[in-house]
>>> print(open('run-v5.cif').read())   # mmCIF, C-alpha atoms
data_entry
#
loop_
_atom_site.label_atom_id
_atom_site.label_comp_id
_atom_site.auth_asym_id
_atom_site.auth_seq_id
_atom_site.Cartn_x
_atom_site.Cartn_y
_atom_site.Cartn_z
CA MET C 1 16.70 -0.76 -51.21
CA GLY C 2 19.29 -1.67 -48.56
CA ILE C 3 18.25 1.22 -46.30
CA LYS C 4 14.57 0.29 -46.64
CA SER C 5 15.33 -3.35 -45.81
CA GLU C 6 17.30 -2.30 -42.71
CA SER C 7 14.39 -0.11 -41.59
CA ILE C 8 11.90 -2.97 -41.99
CA LYS C 9 14.11 -5.34 -40.00
CA SER C 10 14.57 -2.79 -37.22
CA ASN C 11 10.85 -2.10 -37.01
CA LEU C 12 10.00 -5.81 -36.88
CA ILE C 13 12.48 -6.37 -34.02
CA PHE C 14 11.17 -3.30 -32.18
CA TRP C 15 7.49 -4.20 -32.53
CA GLY C 16 8.24 -7.85 -31.75
CA ILE C 17 9.61 -6.76 -28.36
CA ILE C 18 6.53 -4.61 -27.68
CA LEU C 19 4.26 -7.56 -28.56
CA ILE C 20 6.12 -9.77 -26.07
CA PHE C 21 5.62 -7.19 -23.31
CA LEU C 22 1.93 -6.86 -24.20
CA SER C 23 1.52 -10.64 -24.18
CA GLU C 24 2.99 -10.72 -20.65
CA ILE C 25 0.30 -8.25 -19.53
CA ILE C 26 -2.51 -10.15 -21.29
CA THR C 27 -1.37 -13.49 -19.88
CA ASN C 28 -1.15 -12.04 -16.37
CA PHE C 29 -4.69 -10.63 -16.67
CA TYR C 30 -6.20 -13.94 -17.77
CA VAL C 31 -4.36 -15.92 -15.09
CA LEU C 32 -5.52 -13.57 -12.30
CA HIS C 33 -9.14 -13.15 -13.43
CA TYR C 34 -10.02 -16.40 -15.12
CA GLY C 35 -7.37 -18.82 -13.86
CA ILE C 36 -6.51 -19.56 -17.50
CA SER C 37 -2.86 -20.10 -18.32
CA PHE C 38 -1.75 -20.24 -21.94
CA ARG C 39 1.59 -20.02 -23.75
CA LEU C 40 1.00 -16.86 -25.79
CA THR C 41 4.22 -15.24 -24.60
CA GLY C 42 6.20 -18.42 -25.18
CA LEU C 43 4.89 -18.71 -28.74
CA LEU C 44 5.71 -15.07 -29.50
CA LYS C 45 9.22 -15.46 -28.08
CA LEU C 46 9.79 -18.52 -30.24
CA LEU C 47 8.61 -16.69 -33.37
CA PHE C 48 10.71 -13.69 -32.39
CA GLN C 49 13.80 -15.86 -32.04
CA GLY C 50 13.13 -17.31 -35.47
CA LEU C 51 12.99 -13.77 -36.83
CA LEU C 52 16.27 -12.89 -35.12
CA PHE C 53 17.95 -16.01 -36.50
CA ILE C 54 16.91 -15.06 -40.05
CA TYR C 55 18.29 -11.55 -39.60
CA VAL C 56 21.72 -12.64 -38.38
CA LYS C 57 24.51 -12.02 -40.89
CA TRP C 58 26.95 -14.54 -39.49
CA SER C 59 29.74 -13.39 -41.79
CA LYS C 60 29.55 -9.82 -40.44
CA ILE C 61 29.44 -10.43 -36.70
CA PRO C 62 32.42 -11.16 -34.42
CA LYS C 63 33.35 -14.85 -34.40
CA SER C 64 33.22 -14.98 -30.61
CA ILE C 65 29.41 -14.75 -30.67
CA TYR C 66 28.60 -17.64 -32.96
CA ILE C 67 31.49 -19.77 -31.67
CA SER C 68 30.12 -19.41 -28.10
CA PHE C 69 26.60 -20.06 -29.41
CA LEU C 70 27.65 -23.27 -31.20
CA LEU C 71 29.82 -24.50 -28.33
CA LEU C 72 26.94 -24.22 -25.84
CA ILE C 73 24.68 -26.17 -28.22
CA ILE C 74 27.37 -28.86 -28.58
CA ILE C 75 27.85 -29.03 -24.79
CA PHE C 76 24.09 -29.33 -24.27
CA THR C 77 23.89 -32.08 -26.93
CA ILE C 78 26.65 -34.00 -25.16
CA ASN C 79 25.00 -33.80 -21.74
CA GLN C 80 21.55 -34.73 -23.06
CA LEU C 81 22.16 -37.29 -25.81
CA ILE C 82 25.56 -38.83 -25.10
CA ILE C 83 25.94 -38.79 -21.33
CA ASN C 84 22.24 -39.46 -20.77
CA ASP C 85 19.37 -40.24 -23.17
CA PHE C 86 16.72 -38.57 -21.00
CA ILE C 87 15.68 -36.24 -23.83
CA TYR C 88 14.53 -39.14 -26.01
CA LYS C 89 12.28 -40.50 -23.28
CA ASN C 90 10.72 -37.12 -22.48
CA LEU C 91 10.75 -35.24 -25.79
CA LEU C 92 7.52 -33.24 -25.48
CA PRO C 93 8.09 -32.07 -21.86
CA SER C 94 11.67 -31.13 -22.85
CA PHE C 95 10.28 -28.72 -25.46
CA THR C 96 7.44 -27.27 -23.36
CA LYS C 97 9.00 -26.94 -19.89
CA GLY C 98 12.19 -28.96 -19.73
CA SER C 99 15.80 -28.80 -20.89
CA ILE C 100 15.18 -27.74 -24.53
CA TYR C 101 12.75 -25.05 -23.37
CA TYR C 102 15.37 -23.51 -21.07
CA LEU C 103 18.21 -23.99 -23.56
CA ASN C 104 16.20 -21.87 -25.99
CA ARG C 105 15.88 -19.15 -23.35
CA PHE C 106 19.58 -19.26 -22.43
CA LEU C 107 20.60 -18.86 -26.09
CA PHE C 108 18.20 -16.00 -26.85
CA ILE C 109 20.69 -13.26 -25.95
CA PHE C 110 23.25 -14.64 -28.42
CA LEU C 111 20.72 -14.35 -31.26
CA PHE C 112 19.56 -10.92 -30.12
CA ILE C 113 23.08 -9.47 -30.00
CA ALA C 114 24.06 -11.14 -33.29
CA SER C 115 20.97 -9.87 -35.12
CA THR C 116 21.17 -6.29 -33.82
CA LEU C 117 24.90 -6.05 -34.55
CA SER C 118 24.15 -7.22 -38.09
CA LEU C 119 22.18 -4.00 -38.69
CA LYS C 120 23.80 -0.74 -39.79
CA ASN C 121 21.42 1.28 -37.62
CA LYS C 122 22.10 -0.89 -34.55
CA ASP C 123 22.76 2.04 -32.22
CA TYR C 124 19.48 3.69 -33.18
CA LEU C 125 17.54 0.45 -32.72
CA ILE C 126 19.15 -0.38 -29.35
CA ASN C 127 18.45 3.14 -28.09
CA LYS C 128 14.85 2.85 -29.28
CA ILE C 129 14.40 -0.50 -27.51
CA SER C 130 15.91 0.87 -24.30
CA ARG C 131 13.62 3.90 -24.34
CA ILE C 132 10.42 1.94 -24.92
CA ILE C 133 11.24 -0.48 -22.08
CA ASP C 134 11.99 2.51 -19.83
CA CYS C 135 8.56 3.96 -20.74
CA ILE C 136 6.85 0.63 -20.03
CA LEU C 137 8.51 0.50 -16.59
CA ILE C 138 7.54 4.11 -15.83
CA ILE C 139 3.89 3.42 -16.72
CA ASN C 140 4.01 0.22 -14.68
CA GLY C 141 5.54 2.23 -11.81
CA ILE C 142 2.47 4.47 -11.88
CA LEU C 143 0.27 1.34 -11.69
CA ILE C 144 2.32 0.02 -8.75
CA ILE C 145 1.94 3.26 -6.78
CA THR C 146 -1.77 3.46 -7.73
CA GLY C 147 -2.26 -0.12 -6.56
CA PHE C 148 -0.56 0.70 -3.26
CA LEU C 149 -2.54 3.91 -2.65
CA PHE C 150 -5.94 2.39 -3.44
CA ASP C 151 -5.23 -1.23 -2.45
CA ILE C 152 -6.06 -2.54 -5.94
CA ASP C 153 -5.89 -6.34 -5.92
CA LEU C 154 -5.22 -6.51 -9.67
CA PHE C 155 -1.85 -4.78 -9.24
CA LYS C 156 -0.70 -6.84 -6.25
CA SER C 157 2.24 -9.23 -6.52
CA TYR C 158 0.32 -11.82 -4.54
CA PRO C 159 -3.44 -11.25 -4.97
CA ASN C 160 -5.69 -12.55 -2.20
CA SER C 161 -2.68 -12.90 0.09
CA SER C 162 -1.43 -11.03 3.15
CA ARG C 163 2.03 -10.82 1.60
CA PHE C 164 2.99 -7.23 0.80
CA GLY C 165 3.97 -6.25 -2.74
CA TYR C 166 2.68 -4.61 -5.92
CA ASN C 167 3.85 -5.58 -9.41
CA GLY C 168 1.50 -3.47 -11.50
CA ALA C 169 0.61 -5.10 -14.82
CA PHE C 170 3.37 -7.73 -14.64
CA ASN C 171 2.98 -10.54 -12.17
CA LYS C 172 6.42 -12.02 -12.80
CA LEU C 173 9.60 -12.32 -10.74
CA SER C 174 11.57 -10.89 -13.67
CA ILE C 175 10.08 -7.45 -12.97
CA TYR C 176 12.44 -7.10 -10.01
CA MET C 177 15.48 -7.39 -12.28
CA TRP C 178 13.94 -4.88 -14.72
CA TYR C 179 13.69 -2.26 -11.99
CA ILE C 180 17.17 -3.02 -10.65
CA ILE C 181 18.57 -2.45 -14.16
CA PHE C 182 16.51 0.74 -14.58
CA LEU C 183 17.67 2.10 -11.21
CA SER C 184 21.29 1.39 -12.16
CA LYS C 185 20.95 3.40 -15.37
CA LEU C 186 19.26 6.31 -13.63
CA TYR C 187 21.83 6.31 -10.83
CA TYR C 188 24.66 6.47 -13.37
CA ASN C 189 22.96 9.45 -15.04
CA ILE C 190 22.83 11.18 -11.66
CA ILE C 191 26.51 10.72 -10.81
CA THR C 192 27.78 11.58 -14.30
CA GLU C 193 25.32 14.10 -15.73
CA LYS C 194 23.51 15.38 -12.63
CA ARG C 195 20.11 14.58 -14.13
CA SER C 196 17.21 12.10 -13.74
CA TYR C 197 16.83 12.85 -10.01
CA PHE C 198 13.02 12.89 -9.99
CA LEU C 199 12.70 9.83 -12.18
CA PHE C 200 15.25 7.95 -10.05
CA PHE C 201 13.35 8.56 -6.81
CA PHE C 202 10.03 7.82 -8.50
CA ILE C 203 11.30 4.44 -9.75
CA LEU C 204 13.00 3.88 -6.39
CA PHE C 205 9.65 4.33 -4.59
CA ALA C 206 7.83 2.05 -7.04
CA SER C 207 10.58 -0.56 -6.71
CA VAL C 208 10.35 -0.63 -2.91
CA LEU C 209 6.57 -1.09 -3.20
CA THR C 210 7.12 -4.36 -5.07
CA GLY C 211 8.05 -5.81 -1.69
CA SER C 212 11.04 -7.58 -3.25
CA LYS C 213 13.82 -8.48 -0.85
CA ILE C 214 16.38 -8.59 -3.66
CA ILE C 215 15.57 -4.98 -4.59
CA LEU C 216 16.14 -3.92 -0.97
CA PHE C 217 19.43 -5.82 -0.98
CA PHE C 218 20.43 -4.09 -4.22
CA LEU C 219 19.60 -0.70 -2.72
CA LEU C 220 21.88 -1.42 0.25
CA LEU C 221 24.67 -2.31 -2.16
CA LEU C 222 23.95 0.83 -4.19
CA ILE C 223 24.11 3.03 -1.08
CA ALA C 224 27.47 1.49 -0.11
CA PHE C 225 28.74 2.01 -3.66
CA HIS C 226 27.50 5.61 -3.66
CA PHE C 227 29.44 6.50 -0.51
CA PHE C 228 32.47 4.69 -1.89
CA GLN C 229 32.21 6.84 -5.04
CA ILE C 230 32.06 10.06 -3.03
CA TYR C 231 34.73 9.25 -0.44
CA ARG C 232 37.03 6.86 -2.31
CA ASN C 233 39.98 9.18 -1.72
CA ASN C 234 39.24 9.49 2.00
CA LYS C 235 40.70 6.44 3.74
CA LYS C 236 39.03 7.18 7.09
CA ILE C 237 35.55 7.30 5.52
CA ILE C 238 36.24 4.16 3.49
CA ILE C 239 37.27 2.33 6.67
CA LEU C 240 34.08 3.58 8.35
CA ILE C 241 31.97 2.31 5.41
CA VAL C 242 33.66 -1.10 5.65
CA ILE C 243 32.96 -1.22 9.42
CA ILE C 244 29.29 -0.29 8.88
CA CYS C 245 28.88 -2.89 6.14
CA SER C 246 30.61 -5.53 8.29
CA THR C 247 28.34 -4.68 11.23
CA ILE C 248 25.24 -5.00 9.05
CA GLY C 249 26.52 -8.37 7.84
CA LEU C 250 27.27 -9.50 11.40
CA TYR C 251 23.80 -8.59 12.64
CA SER C 252 22.01 -9.51 9.40
CA LYS C 253 19.88 -12.20 11.08
CA ARG C 254 18.57 -9.73 13.67
CA ILE C 255 17.89 -7.13 10.99
CA LEU C 256 16.05 -9.69 8.86
CA SER C 257 14.10 -10.90 11.89
CA PHE C 258 12.98 -7.32 12.60
CA TYR C 259 11.99 -6.92 8.92
CA PHE C 260 9.98 -10.16 8.84
CA ASN C 261 8.22 -9.33 12.13
CA TYR C 262 6.92 -6.15 10.53
CA PHE C 263 4.84 -8.09 7.97
CA ILE C 264 2.07 -10.49 9.00
CA PHE C 265 2.79 -12.90 6.13
CA TRP C 266 6.45 -13.35 7.03
CA LYS C 267 5.71 -13.39 10.75
CA ASN C 268 3.47 -16.41 10.21
CA MET C 269 6.21 -18.11 8.19
CA LYS C 270 8.78 -17.91 11.02
CA ASP C 271 7.45 -21.07 12.65
CA LYS C 272 7.89 -23.00 9.41
CA TYR C 273 11.15 -21.64 7.99
CA SER C 274 14.43 -20.23 9.26
CA ILE C 275 15.39 -16.57 8.78
CA ILE C 276 17.88 -17.50 6.02
CA THR C 277 15.31 -19.64 4.18
CA MET C 278 12.79 -16.79 4.24
CA ALA C 279 15.45 -14.33 3.08
CA PHE C 280 16.16 -16.55 0.08
CA SER C 281 12.46 -17.38 -0.47
CA THR C 282 13.31 -21.10 0.02
CA ARG C 283 15.98 -21.01 -2.72
CA ASP C 284 18.54 -22.26 -0.20
CA LEU C 285 16.41 -25.39 0.20
CA ALA C 286 16.24 -25.66 -3.59
CA ILE C 287 20.05 -25.49 -3.76
CA VAL C 288 20.35 -28.38 -1.28
CA GLU C 289 17.80 -30.34 -3.32
CA LYS C 290 19.73 -29.68 -6.54
CA ILE C 291 23.03 -30.71 -4.94
CA ASN C 292 21.39 -34.01 -3.99
CA TYR C 293 20.07 -34.24 -7.54
CA ILE C 294 23.61 -33.79 -8.91
CA LYS C 295 25.00 -36.44 -6.54
CA THR C 296 22.30 -38.90 -7.64
CA HIS C 297 22.12 -38.31 -11.41
CA TRP C 298 25.50 -36.93 -12.49
CA SER C 299 28.64 -38.74 -13.55
CA GLY C 300 32.12 -37.20 -13.63
CA LEU C 301 31.57 -35.92 -17.19
CA ASN C 302 28.50 -33.97 -16.10
CA TYR C 303 30.66 -31.63 -14.01
CA ILE C 304 32.41 -30.67 -17.25
CA PHE C 305 29.39 -30.65 -19.62
CA GLY C 306 26.39 -30.23 -17.28
CA GLY C 307 23.19 -32.24 -17.34
CA PRO C 308 19.82 -30.69 -16.49
CA PHE C 309 16.46 -32.42 -16.07
CA TYR C 310 17.43 -36.06 -15.74
CA ASN C 311 14.19 -36.59 -13.86
CA ASN C 312 10.65 -35.23 -14.22
CA HIS C 313 10.56 -33.64 -10.75
CA TYR C 314 13.40 -31.20 -11.31
CA LYS C 315 12.71 -27.45 -11.25
CA ILE C 316 14.90 -24.48 -12.10
CA VAL C 317 16.62 -22.82 -9.10
CA GLU C 318 16.49 -19.20 -10.39
CA MET C 319 19.98 -18.47 -9.08
CA SER C 320 21.67 -17.47 -12.30
CA PHE C 321 25.19 -18.93 -12.21
CA PHE C 322 24.08 -22.14 -10.52
CA ASP C 323 21.56 -22.65 -13.33
CA VAL C 324 24.25 -21.99 -15.97
CA PHE C 325 26.51 -24.57 -14.29
CA LEU C 326 23.66 -27.06 -14.13
CA PHE C 327 22.90 -26.64 -17.83
CA PHE C 328 26.38 -26.40 -19.30
CA GLY C 329 28.79 -27.62 -16.64
CA LEU C 330 32.16 -26.02 -15.88
CA MET C 331 33.09 -25.66 -19.55
CA GLY C 332 29.84 -23.95 -20.49
CA THR C 333 30.00 -21.67 -17.45
CA ILE C 334 33.46 -20.44 -18.50
CA ILE C 335 32.16 -19.79 -22.04
CA TYR C 336 29.14 -17.91 -20.68
CA ILE C 337 31.22 -15.77 -18.29
CA ASN C 338 33.61 -14.91 -21.12
CA PHE C 339 30.61 -13.94 -23.28
CA LEU C 340 29.30 -11.62 -20.53
CA LYS C 341 32.75 -10.09 -20.10
CA LYS C 342 33.04 -9.43 -23.84
CA TRP C 343 29.57 -8.03 -24.58
CA PHE C 344 28.30 -6.52 -21.32
CA PHE C 345 31.32 -5.13 -19.47
CA GLY C 346 33.31 -2.14 -20.68
CA ARG C 347 36.28 -0.06 -19.60
CA ASN C 348 34.54 2.19 -17.07
CA LEU C 349 34.95 1.01 -13.47
CA SER C 350 31.70 2.56 -12.18
CA ILE C 351 29.63 0.96 -14.97
CA ASN C 352 31.32 -2.40 -14.39
CA ILE C 353 30.66 -2.25 -10.64
CA LEU C 354 26.97 -1.45 -11.24
CA LEU C 355 26.76 -4.35 -13.67
CA GLY C 356 28.53 -6.57 -11.15
CA LEU C 357 25.99 -5.63 -8.46
CA ILE C 358 23.13 -6.58 -10.81
CA ILE C 359 24.70 -9.94 -11.62
CA LEU C 360 25.38 -10.55 -7.91
CA CYS C 361 21.69 -9.96 -7.14
CA ALA C 362 20.70 -12.21 -10.05
CA SER C 363 22.97 -14.92 -8.66
CA LEU C 364 21.08 -14.83 -5.36
CA ALA C 365 17.54 -14.51 -6.74
CA GLY C 366 16.08 -14.23 -10.21
CA GLY C 367 16.66 -16.06 -13.48
CA LEU C 368 18.41 -13.21 -15.27
CA PHE C 369 20.31 -15.30 -17.81
CA PHE C 370 17.35 -17.36 -19.00
CA ASN C 371 14.74 -14.60 -18.85
CA VAL C 372 14.47 -13.24 -22.37
CA LEU C 373 13.28 -9.71 -21.54
CA SER C 374 15.60 -9.23 -18.55
CA ILE C 375 18.85 -10.22 -20.27
CA MET C 376 17.90 -8.21 -23.36
CA TYR C 377 17.15 -5.11 -21.27
CA LEU C 378 20.44 -5.55 -19.44
CA PHE C 379 22.34 -5.70 -22.74
CA VAL C 380 20.72 -2.66 -24.39
CA SER C 381 21.09 -0.62 -21.19
CA PHE C 382 24.77 -1.26 -20.64
CA TYR C 383 25.58 -1.19 -24.35
CA LEU C 384 24.31 2.40 -24.38
CA LEU C 385 26.11 3.34 -21.14
CA ASN C 386 29.41 2.03 -22.52
CA LYS C 387 28.74 3.57 -25.94
CA LYS C 388 28.11 6.93 -24.34
CA LEU C 389 31.50 6.67 -22.67
CA VAL C 390 33.19 5.83 -26.01
CA HIS C 391 31.53 8.80 -27.72
CA ALA C 392 32.58 11.07 -24.85
CA HIS C 393 36.21 10.35 -25.71
#
>>> encode(input="run-v5.cif", output="structure tokens")
Amino acid sequence: MGIKSESIKSNLIFWGIILIFLSEIITNFYVLHYGISFRLTGLLKLLFQGLLFIYVKWSKIPKSIYISFLLLIIIFTINQLIINDFIYKNLLPSFTKGSIYYLNRFLFIFLFIASTLSLKNKDYLINKISRIIDCILIINGILIITGFLFDIDLFKSYPNSSRFGYNGAFNKLSIYMWYIIFLSKLYYNIITEKRSYFLFFFILFASVLTGSKIILFFLLLLIAFHFFQIYRNNKKIIILIVIICSTIGLYSKRILSFYFNYFIFWKNMKDKYSIITMAFSTRDLAIVEKINYIKTHWSGLNYIFGGPFYNNHYKIVEMSFFDVFLFFGLMGTIIYINFLKKWFFGRNLSINILLGLIILCASLAGGLFFNVLSIMYLFVSFYLLNKKLVHAH
């Protein structure tokens, strides 16, 4: 009976994830073709989180997970209800698009890890989830390349726009983080097991076709890391790599200017925005706006406990650690970093560096920590990489 129950739970979690991916595709289709936006994905994610919460066996999971989970809820309660009563005045918007909505997304990964670790067949389930997401990204990669070859508007990142980029079936910024995570896994397979070459270059090509600047930045970091891996015992080559990287950094504005001049969309934007602003897709302006927001709406306690959405005009920055600080303050940020260190990082230096590169990219662009599918994919991917290392010993 226990084995059957475990199997049912695993299958429900697995199919719940597939349904969320399918809902993303359906929502994207309706938005592009009919201009209709509805919260199907949000509803499914909420139901899925409820399912995960039911499945958690709190007595059987490490205390660090539920202590961190409860502490973040307490911190959020302090910054919303005690320091400021904004939540009472804007209850419905807080649930649909405001602070409670994003709190729910930030806490998802805690429930996901707790529920999967509660299962005896956790390794099998995590491997199954990782494989199905890999398959989804491979199929979507085919759609991206098809869209590029035949100029299919449906698969473009920005339909009816001169801006270059193809996202396939997913018209979401989170897709860039998915492919960065996938590339990291495939690269590690190449350097350790000498396999996945074709798949790596296939996904690499599809990733470049998304037109994402953060993917290009990640690839530069990956190239630097690759040469460091090969020549780490050769001091002369390492010094040369450092000089090359420093030179690229020194002339980064000229390089970016050359890149933007190549595309009509970005060339037209040069009169309106600076090179740095275009490189960050106006997130640097958002940071300045949020700093002004903090100066205006925060008290001294907010720096410790955070305090998002004290006005109706606020929007998320999508620069991961800044958003964590905004939501949970210095105390919550320390708790979140400790959680990442405990459940994402392992003992292998190469794996940790790859993970660090992903988080660095997420800190510059992309809401990794509050995007349900991205943070889940990151966890299952690096759980398996670290597990493989443990089994190898």
>>> residues_near_point(input="run-v5.cif", point="(30.9, -33.9, -20.6)", cutoff="8 Å", atoms="all atoms listed in the file", output="PyMOL selection string")
chain C and resi 75+78-79+83+300-306+329
>>> resolve_selection(input="run-v5.cif", expression="the PyMOL selection byres ((chain C and resi 129) around 12)", output="number ranges by chain")
C: 10-18, 21, 112, 116, 122-128, 130-136, 373, 376-381, 383-384
>>> closest_residue(input="run-v5.cif", among="C:Tyr188, C:Trp266, C:Phe327, C:Phe369", to="C:Ser350", atoms="only C-alpha atoms")
C:Tyr188
>>> resolve_selection(input="run-v5.cif", expression="the PyMOL selection byres ((chain C and resi 139) around 12)", output="ChimeraX atom specification")
/C:132-138,140-146,167-170,199,202-203,206
>>> closest_atom_pairs(input="run-v5.cif", of="stretch 114-211 of chain C", to="stretch 228-236 of chain C", cutoff="12 Å", atoms="all atoms listed in the file", output="CSV")
residue,atom,partner,partner_atom,distance
C:Tyr187,CA,C:Gln229,CA,11.9
C:Tyr188,CA,C:Gln229,CA,11.2
C:Ile191,CA,C:Gln229,CA,9.0
C:Thr192,CA,C:Gln229,CA,11.3
>>> closest_residue(input="run-v5.cif", among="C:Leu149, C:Ala279, C:Leu47, C:Ile74", to="C:Tyr166", atoms="all atoms listed in the file")
C:Leu149
>>> closest_residue(input="run-v5.cif", among="C:Lys57, C:Cys361, C:Leu19, C:Gly98", to="C:Leu221", atoms="only C-alpha atoms")
C:Cys361
>>> atom_distance(input="run-v5.cif", atom1="atom CA of C:Lys172", atom2="atom CA of C:Ile25")
9.8 Å
>>> closest_residue(input="run-v5.cif", among="C:Val242, C:Asn84, C:Lys4, C:Asp323", to="C:Trp298", atoms="only C-alpha atoms")
C:Asn84
>>> resolve_selection(input="run-v5.cif", expression="the PyMOL selection byres ((chain C and resi 362) around 9)", output="number ranges by chain")
C: 177, 214, 318-321, 357-361, 363-369
>>> write_last_selection(input="run-v5.cif", atoms="C-alpha atoms", output="PDB file, in the frame of the given file")
ATOM      1  CA  MET C 177      15.480  -7.390 -12.280  1.00  0.00           C
ATOM      2  CA  ILE C 214      16.380  -8.590  -3.660  1.00  0.00           C
ATOM      3  CA  GLU C 318      16.490 -19.200 -10.390  1.00  0.00           C
ATOM      4  CA  MET C 319      19.980 -18.470  -9.080  1.00  0.00           C
ATOM      5  CA  SER C 320      21.670 -17.470 -12.300  1.00  0.00           C
ATOM      6  CA  PHE C 321      25.190 -18.930 -12.210  1.00  0.00           C
ATOM      7  CA  LEU C 357      25.990  -5.630  -8.460  1.00  0.00           C
ATOM      8  CA  ILE C 358      23.130  -6.580 -10.810  1.00  0.00           C
ATOM      9  CA  ILE C 359      24.700  -9.940 -11.620  1.00  0.00           C
ATOM     10  CA  LEU C 360      25.380 -10.550  -7.910  1.00  0.00           C
ATOM     11  CA  CYS C 361      21.690  -9.960  -7.140  1.00  0.00           C
ATOM     12  CA  SER C 363      22.970 -14.920  -8.660  1.00  0.00           C
ATOM     13  CA  LEU C 364      21.080 -14.830  -5.360  1.00  0.00           C
ATOM     14  CA  ALA C 365      17.540 -14.510  -6.740  1.00  0.00           C
ATOM     15  CA  GLY C 366      16.080 -14.230 -10.210  1.00  0.00           C
ATOM     16  CA  GLY C 367      16.660 -16.060 -13.480  1.00  0.00           C
ATOM     17  CA  LEU C 368      18.410 -13.210 -15.270  1.00  0.00           C
ATOM     18  CA  PHE C 369      20.310 -15.300 -17.810  1.00  0.00           C
TER      19      PHE C 369
END
>>> atom_distance(input="run-v5.cif", atom1="atom CA of C:Leu52", atom2="atom CA of C:Ser115")
5.6 Å
>>> residues_near_point(input="run-v5.cif", point="(16.6, -26.8, 5.6)", cutoff="12 Å", atoms="all atoms listed in the file", output="list in words")
Lys272, Tyr273, Ser274, Ile275, Ile276, Thr277, Met278, Phe280, Ser281, Thr282, Arg283, Asp284, Leu285, Ala286, Ile287, Val288 and Glu289 of chain C
>>> closest_residue(input="run-v5.cif", among="C:Met269, C:Ile65, C:Ile82, C:Ile238", to="C:Asn338", atoms="only C-alpha atoms")
C:Ile65
>>> atom_distance(input="run-v5.cif", atom1="atom CA of C:Ile67", atom2="atom CA of C:Thr333")
14.4 Å
>>> closest_residue(input="run-v5.cif", among="C:Gly346, C:Gln49, C:Ile61, C:Val324", to="C:Ile109", atoms="all atoms listed in the file")
C:Gln49
>>> axis_aligned_box(input="run-v5.cif", around="stretch 168-187 of chain C", padding_each_side="5 Å", output="lines of an AutoDock Vina configuration file")
center_x = 11.2
center_y = -3.0
center_z = -12.7
size_x = 31.2
size_y = 28.6
size_z = 15.4
>>> residues_around(input="run-v5.cif", residues="C:Phe263", least_positions_apart="3", cutoff="8 Å", atoms="only C-alpha atoms", output="JSON list (two decimals) with C-alpha atoms, keeping the file's coordinate frame")
[["chain", "number", "residue", "atom", "x", "y", "z"],
["C", 163, "ARG", "CA", 2.03, -10.82, 1.60],
["C", 164, "PHE", "CA", 2.99, -7.23, 0.80],
["C", 259, "TYR", "CA", 11.99, -6.92, 8.92],
["C", 260, "PHE", "CA", 9.98, -10.16, 8.84],
["C", 266, "TRP", "CA", 6.45, -13.35, 7.03],
["C", 267, "LYS", "CA", 5.71, -13.39, 10.75]]
>>> decode(input="run-v5.cif", residues="stretch 322-333 of chain C", atoms="N, CA and C atoms", output="mmCIF file, in the first residue's frame")
data_model
loop_
_atom_site.group_PDB
_atom_site.id
_atom_site.type_symbol
_atom_site.label_atom_id
_atom_site.label_comp_id
_atom_site.auth_asym_id
_atom_site.auth_seq_id
_atom_site.Cartn_x
_atom_site.Cartn_y
_atom_site.Cartn_z
ATOM 1 N N PHE C 322 18.532 41.323 -6.018
ATOM 2 C CA PHE C 322 17.926 42.598 -5.655
ATOM 3 C C PHE C 322 16.467 42.384 -5.268
ATOM 4 N N ASP C 323 15.772 41.507 -6.004
ATOM 5 C CA ASP C 323 14.374 41.217 -5.696
ATOM 6 C C ASP C 323 14.231 40.492 -4.356
ATOM 7 N N VAL C 324 15.169 39.593 -4.055
ATOM 8 C CA VAL C 324 15.149 38.898 -2.765
ATOM 9 C C VAL C 324 15.340 39.908 -1.635
ATOM 10 N N PHE C 325 16.289 40.833 -1.804
ATOM 11 C CA PHE C 325 16.534 41.866 -0.790
ATOM 12 C C PHE C 325 15.307 42.743 -0.623
ATOM 13 N N LEU C 326 14.682 43.106 -1.719
ATOM 14 C CA LEU C 326 13.488 43.941 -1.654
ATOM 15 C C LEU C 326 12.372 43.250 -0.871
ATOM 16 N N PHE C 327 12.205 41.960 -1.094
ATOM 17 C CA PHE C 327 11.115 41.218 -0.462
ATOM 18 C C PHE C 327 11.391 40.870 0.993
ATOM 19 N N PHE C 328 12.634 40.497 1.298
ATOM 20 C CA PHE C 328 12.912 39.948 2.622
ATOM 21 C C PHE C 328 14.002 40.680 3.393
ATOM 22 N N GLY C 329 14.532 41.760 2.826
ATOM 23 C CA GLY C 329 15.543 42.532 3.515
ATOM 24 C C GLY C 329 16.847 41.768 3.683
ATOM 25 N N LEU C 330 17.750 42.327 4.478
ATOM 26 C CA LEU C 330 19.061 41.720 4.690
ATOM 27 C C LEU C 330 18.942 40.362 5.372
ATOM 28 N N MET C 331 18.061 40.259 6.361
ATOM 29 C CA MET C 331 17.897 39.006 7.087
ATOM 30 C C MET C 331 17.391 37.894 6.166
ATOM 31 N N GLY C 332 16.381 38.196 5.384
ATOM 32 C CA GLY C 332 15.822 37.205 4.467
ATOM 33 C C GLY C 332 16.802 36.811 3.376
ATOM 34 N N THR C 333 17.592 37.774 2.917
ATOM 35 C CA THR C 333 18.592 37.488 1.880
ATOM 36 C C THR C 333 19.636 36.499 2.394
#
